[in-house]
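K.L.:
One file is attached below, protein11.cif, containing mmCIF, C-alpha atoms.
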data_protein
loop_
_atom_site.group_PDB
_atom_site.id
_atom_site.type_symbol
_atom_site.label_atom_id
_atom_site.label_comp_id
_atom_site.auth_asym_id
_atom_site.auth_seq_id
_atom_site.Cartn_x
_atom_site.Cartn_y
_atom_site.Cartn_z
ATOM 1 C CA MET A 26 169.688 119.453 62.334
ATOM 2 C CA ALA A 27 168.469 118.733 65.844
ATOM 3 C CA GLU A 28 168.359 114.982 65.262
ATOM 4 C CA THR A 29 172.051 114.838 64.282
ATOM 5 C CA LEU A 30 173.347 116.162 67.617
ATOM 6 C CA LYS A 31 175.155 113.770 69.896
ATOM 7 C CA LYS A 32 173.905 113.870 73.462
ATOM 8 C CA GLY A 33 176.095 116.139 75.562
ATOM 9 C CA SER A 34 178.049 117.496 72.593
ATOM 10 C CA ARG A 35 178.999 121.149 72.587
ATOM 11 C CA VAL A 36 177.060 123.293 70.119
ATOM 12 C CA THR A 37 178.914 126.405 68.941
ATOM 13 C CA GLY A 38 179.073 128.903 66.104
ATOM 14 C CA ALA A 39 176.777 128.615 63.124
ATOM 15 C CA ALA A 40 175.383 125.274 64.301
ATOM 16 C CA ARG A 41 174.252 126.923 67.550
ATOM 17 C CA ASP A 42 172.594 129.780 65.673
ATOM 18 C CA THR A 43 170.835 127.330 63.357
ATOM 19 C CA LEU A 44 169.644 125.182 66.259
ATOM 20 C CA ALA A 45 168.424 128.238 68.185
ATOM 21 C CA ALA A 46 166.452 129.467 65.161
ATOM 22 C CA ASP A 47 164.956 125.996 64.606
ATOM 23 C CA LEU A 48 163.931 125.659 68.264
ATOM 24 C CA LYS A 49 162.440 129.182 68.262
ATOM 25 C CA LYS A 50 160.379 128.411 65.147
ATOM 26 C CA LYS A 51 158.998 125.208 66.674
ATOM 27 C CA TYR A 52 158.362 126.860 70.058
ATOM 28 C CA ASP A 53 156.564 129.789 68.420
ATOM 29 C CA GLY A 54 154.524 127.182 66.536
ATOM 30 C CA GLY A 55 153.232 125.791 69.825
ATOM 31 C CA ALA A 56 155.734 123.098 70.847
ATOM 32 C CA SER A 57 156.586 122.955 74.550
ATOM 33 C CA ILE A 58 160.118 123.242 75.912
ATOM 34 C CA ARG A 59 159.811 119.697 77.266
ATOM 35 C CA ALA A 60 158.737 118.367 73.860
ATOM 36 C CA LEU A 61 161.653 120.141 72.180
ATOM 37 C CA ALA A 62 164.071 118.789 74.792
ATOM 38 C CA GLU A 63 162.862 115.237 74.175
ATOM 39 C CA GLU A 64 162.995 115.670 70.394
ATOM 40 C CA THR A 65 166.576 116.961 70.432
ATOM 41 C CA GLY A 66 167.849 114.704 73.219
ATOM 42 C CA ARG A 67 168.936 117.739 75.228
ATOM 43 C CA SER A 68 167.916 118.935 78.675
ATOM 44 C CA TYR A 69 165.047 121.282 79.491
ATOM 45 C CA GLY A 70 167.612 123.844 80.701
ATOM 46 C CA PHE A 71 169.588 123.691 77.460
ATOM 47 C CA VAL A 72 166.478 124.245 75.329
ATOM 48 C CA HIS A 73 165.276 127.047 77.637
ATOM 49 C CA ARG A 74 168.672 128.776 77.365
ATOM 50 C CA MET A 75 168.708 128.416 73.570
ATOM 51 C CA LEU A 76 165.222 129.930 73.320
ATOM 52 C CA LYS A 77 166.266 132.891 75.469
ATOM 53 C CA GLU A 78 169.377 133.400 73.332
ATOM 54 C CA SER A 79 167.252 133.334 70.173
ATOM 55 C CA GLY A 80 164.973 136.078 71.503
ATOM 56 C CA ALA A 81 161.868 133.899 71.782
ATOM 57 C CA THR A 82 159.075 135.217 73.995
ATOM 58 C CA LEU A 83 158.627 132.476 76.570
ATOM 59 C CA ARG A 84 155.098 131.493 77.530
ATOM 60 C CA GLY A 85 153.879 131.294 81.105
ATOM 61 C CA ARG A 86 153.450 127.997 82.894
ATOM 62 C CA GLY A 87 150.261 125.976 82.778
ATOM 63 C CA GLY A 88 149.776 124.977 79.165
ATOM 64 C CA ALA A 89 147.094 126.288 76.872
ATOM 65 C CA THR A 90 144.542 128.703 78.249
ATOM 66 C CA ARG A 91 140.837 128.171 77.791
ATOM 67 C CA GLY A 92 140.022 131.770 76.993
ATOM 68 C CA LYS A 93 137.811 134.234 78.826
ATOM 69 C CA LYS A 94 135.003 132.962 81.000
ATOM 70 C CA THR A 95 131.552 134.185 80.133
ATOM 71 C CA SER A 96 129.621 135.897 82.885
ATOM 72 C CA GLY A 97 126.235 134.534 81.766
ATOM 73 C CA THR A 98 124.742 131.237 82.882
ATOM 74 C CA SER A 99 123.701 128.476 80.495
#
Here is a file; write its structure as structure tokens.
P.N.:
Amino acid sequence: MAETLKKGSRVTGAARDTLAADLKKKYDGGASIRALAEETGRSYGFVHRMLKESGATLRGRGGATRGKKTSGTS
């Protein structure tokens, strides 16, 4: 679906709902907003807005976390 969009074309109705669900699934699977924007040929802002509309829980900035630090020394 995402690959068939023309750059700058308006996305409405069922196509918008389908795209939002697809983006949410990929984002929840670990894809970044920037990666999704590049894949779909849309802007970062467009993808961000679609994720918010789909109800996705947006991650904080900074990429993957390394987990808790251990207090002991090696």
K.L.:
Suppose you want the space between CA of Ser34 (chain A) and CA of Gly54 (chain A); what is it in Å?
P.N.:
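Distance between the two atoms: 26.2 Å.
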K.L.:
Using all atoms listed in the file, find the one residue out of A:Ala60, A:Asp53, A:Arg41, A:Tyr69 that sits nearest to Arg84 (chain A).
P.N.:
A:Asp53
K.L.:
Axis-aligned box over every listed atom of region 56-74 of chain A, padded by 5 Å per side: centre and edges in Å to one decimal, as lines of an AutoDock Vina configuration file?
P.N.:
center_x = 162.7
center_y = 121.7
center_z = 75.5
size_x = 23.9
size_y = 24.1
size_z = 20.3
K.L.:
I'd like the interatomic distance between CA of Glu63 (chain A) and CA of Leu76 (chain A), to a tenth of an Å.
P.N.:
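Here the two named atoms are 14.9 Å from each other.
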K.L.:
How many Å lie between CA of Gly33 (chain A) and CA of Thr82 (chain A), rounded to one decimal?
P.N.:
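CA of Thr82 (chain A) lies at a distance of 25.6 Å from CA of Gly33 (chain A).
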K.L.:
Which of these residues is nearest to Gly87 (chain A), using only C-alpha atoms: A:Ser57, A:Leu48, A:Ser68, A:Thr37?
P.N.:
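Once distances to Gly87 (chain A) are computed over only C-alpha atoms, the minimum belongs to A:Ser57.
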K.L.:
Counting all atoms listed in the file, figure out which residue out of A:Val72, A:Gly85, A:Glu78, A:Arg67 gets nearest to Lys51 (chain A).
P.N.:
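For Lys51 (chain A), the nearest of the candidates is A:Val72.
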K.L.:
Taking the file as shown, what set of residues would the PyMOL selection byres ((chain A and resi 42) around 12) give back, as a list in words?
P.N.:
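This file gives the following for the PyMOL selection byres ((chain A and resi 42) around 12): Met26, Ala27, Val36, Thr37, Gly38, Ala39, Ala40, Arg41, Thr43, Leu44, Ala45, Ala46, Asp47, Leu48, Lys49, Met75, Leu76, Glu78, Ser79 and Gly80 of chain A.
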K.L.:
Using only C-alpha atoms, determine which residues lie at most 9 Å from Tyr52 (chain A), disregarding the query and same-chain residues fewer than 6 positions distant; provide the list as a PyMOL selection string.
P.N.:
chain A and resi 58+61+76+81+83
K.L.:
Using the partial input, fill out region 45-57 of chain A with N, CA, C and O atoms; write the result as a PDB file, in the frame of the given file.
P.N.:
ATOM      1  N   ALA A  45     169.238 127.268  67.453  1.00  0.00           N
ATOM      2  CA  ALA A  45     168.424 128.238  68.185  1.00  0.00           C
ATOM      3  C   ALA A  45     167.253 128.716  67.333  1.00  0.00           C
ATOM      4  O   ALA A  45     166.116 128.803  67.806  1.00  0.00           O
ATOM      5  N   ALA A  46     167.506 129.006  66.059  1.00  0.00           N
ATOM      6  CA  ALA A  46     166.452 129.467  65.161  1.00  0.00           C
ATOM      7  C   ALA A  46     165.404 128.370  64.938  1.00  0.00           C
ATOM      8  O   ALA A  46     164.197 128.643  64.925  1.00  0.00           O
ATOM      9  N   ASP A  47     165.861 127.127  64.807  1.00  0.00           N
ATOM     10  CA  ASP A  47     164.956 125.996  64.606  1.00  0.00           C
ATOM     11  C   ASP A  47     164.074 125.785  65.844  1.00  0.00           C
ATOM     12  O   ASP A  47     162.862 125.611  65.732  1.00  0.00           O
ATOM     13  N   LEU A  48     164.691 125.829  67.020  1.00  0.00           N
ATOM     14  CA  LEU A  48     163.931 125.659  68.264  1.00  0.00           C
ATOM     15  C   LEU A  48     162.919 126.788  68.441  1.00  0.00           C
ATOM     16  O   LEU A  48     161.782 126.556  68.836  1.00  0.00           O
ATOM     17  N   LYS A  49     163.331 128.023  68.130  1.00  0.00           N
ATOM     18  CA  LYS A  49     162.440 129.182  68.262  1.00  0.00           C
ATOM     19  C   LYS A  49     161.226 129.026  67.347  1.00  0.00           C
ATOM     20  O   LYS A  49     160.091 129.256  67.761  1.00  0.00           O
ATOM     21  N   LYS A  50     161.473 128.591  66.113  1.00  0.00           N
ATOM     22  CA  LYS A  50     160.379 128.411  65.147  1.00  0.00           C
ATOM     23  C   LYS A  50     159.375 127.373  65.663  1.00  0.00           C
ATOM     24  O   LYS A  50     158.162 127.586  65.613  1.00  0.00           O
ATOM     25  N   LYS A  51     159.877 126.260  66.165  1.00  0.00           N
ATOM     26  CA  LYS A  51     158.998 125.208  66.674  1.00  0.00           C
ATOM     27  C   LYS A  51     158.271 125.659  67.940  1.00  0.00           C
ATOM     28  O   LYS A  51     157.086 125.366  68.120  1.00  0.00           O
ATOM     29  N   TYR A  52     158.974 126.373  68.815  1.00  0.00           N
ATOM     30  CA  TYR A  52     158.362 126.860  70.058  1.00  0.00           C
ATOM     31  C   TYR A  52     157.270 127.873  69.740  1.00  0.00           C
ATOM     32  O   TYR A  52     156.177 127.813  70.304  1.00  0.00           O
ATOM     33  N   ASP A  53     157.566 128.793  68.835  1.00  0.00           N
ATOM     34  CA  ASP A  53     156.564 129.789  68.420  1.00  0.00           C
ATOM     35  C   ASP A  53     155.371 129.118  67.743  1.00  0.00           C
ATOM     36  O   ASP A  53     154.261 129.638  67.759  1.00  0.00           O
ATOM     37  N   GLY A  54     155.595 127.940  67.168  1.00  0.00           N
ATOM     38  CA  GLY A  54     154.524 127.182  66.536  1.00  0.00           C
ATOM     39  C   GLY A  54     153.676 126.395  67.526  1.00  0.00           C
ATOM     40  O   GLY A  54     152.726 125.738  67.143  1.00  0.00           O
ATOM     41  N   GLY A  55     154.050 126.430  68.804  1.00  0.00           N
ATOM     42  CA  GLY A  55     153.232 125.791  69.825  1.00  0.00           C
ATOM     43  C   GLY A  55     153.874 124.635  70.562  1.00  0.00           C
ATOM     44  O   GLY A  55     153.302 124.112  71.521  1.00  0.00           O
ATOM     45  N   ALA A  56     155.064 124.205  70.155  1.00  0.00           N
ATOM     46  CA  ALA A  56     155.734 123.098  70.847  1.00  0.00           C
ATOM     47  C   ALA A  56     156.185 123.544  72.236  1.00  0.00           C
ATOM     48  O   ALA A  56     156.568 124.696  72.428  1.00  0.00           O
ATOM     49  N   SER A  57     156.136 122.631  73.192  1.00  0.00           N
ATOM     50  CA  SER A  57     156.586 122.955  74.550  1.00  0.00           C
ATOM     51  C   SER A  57     158.093 122.781  74.659  1.00  0.00           C
ATOM     52  O   SER A  57     158.717 122.082  73.852  1.00  0.00           O
TER      53      SER A  57
END
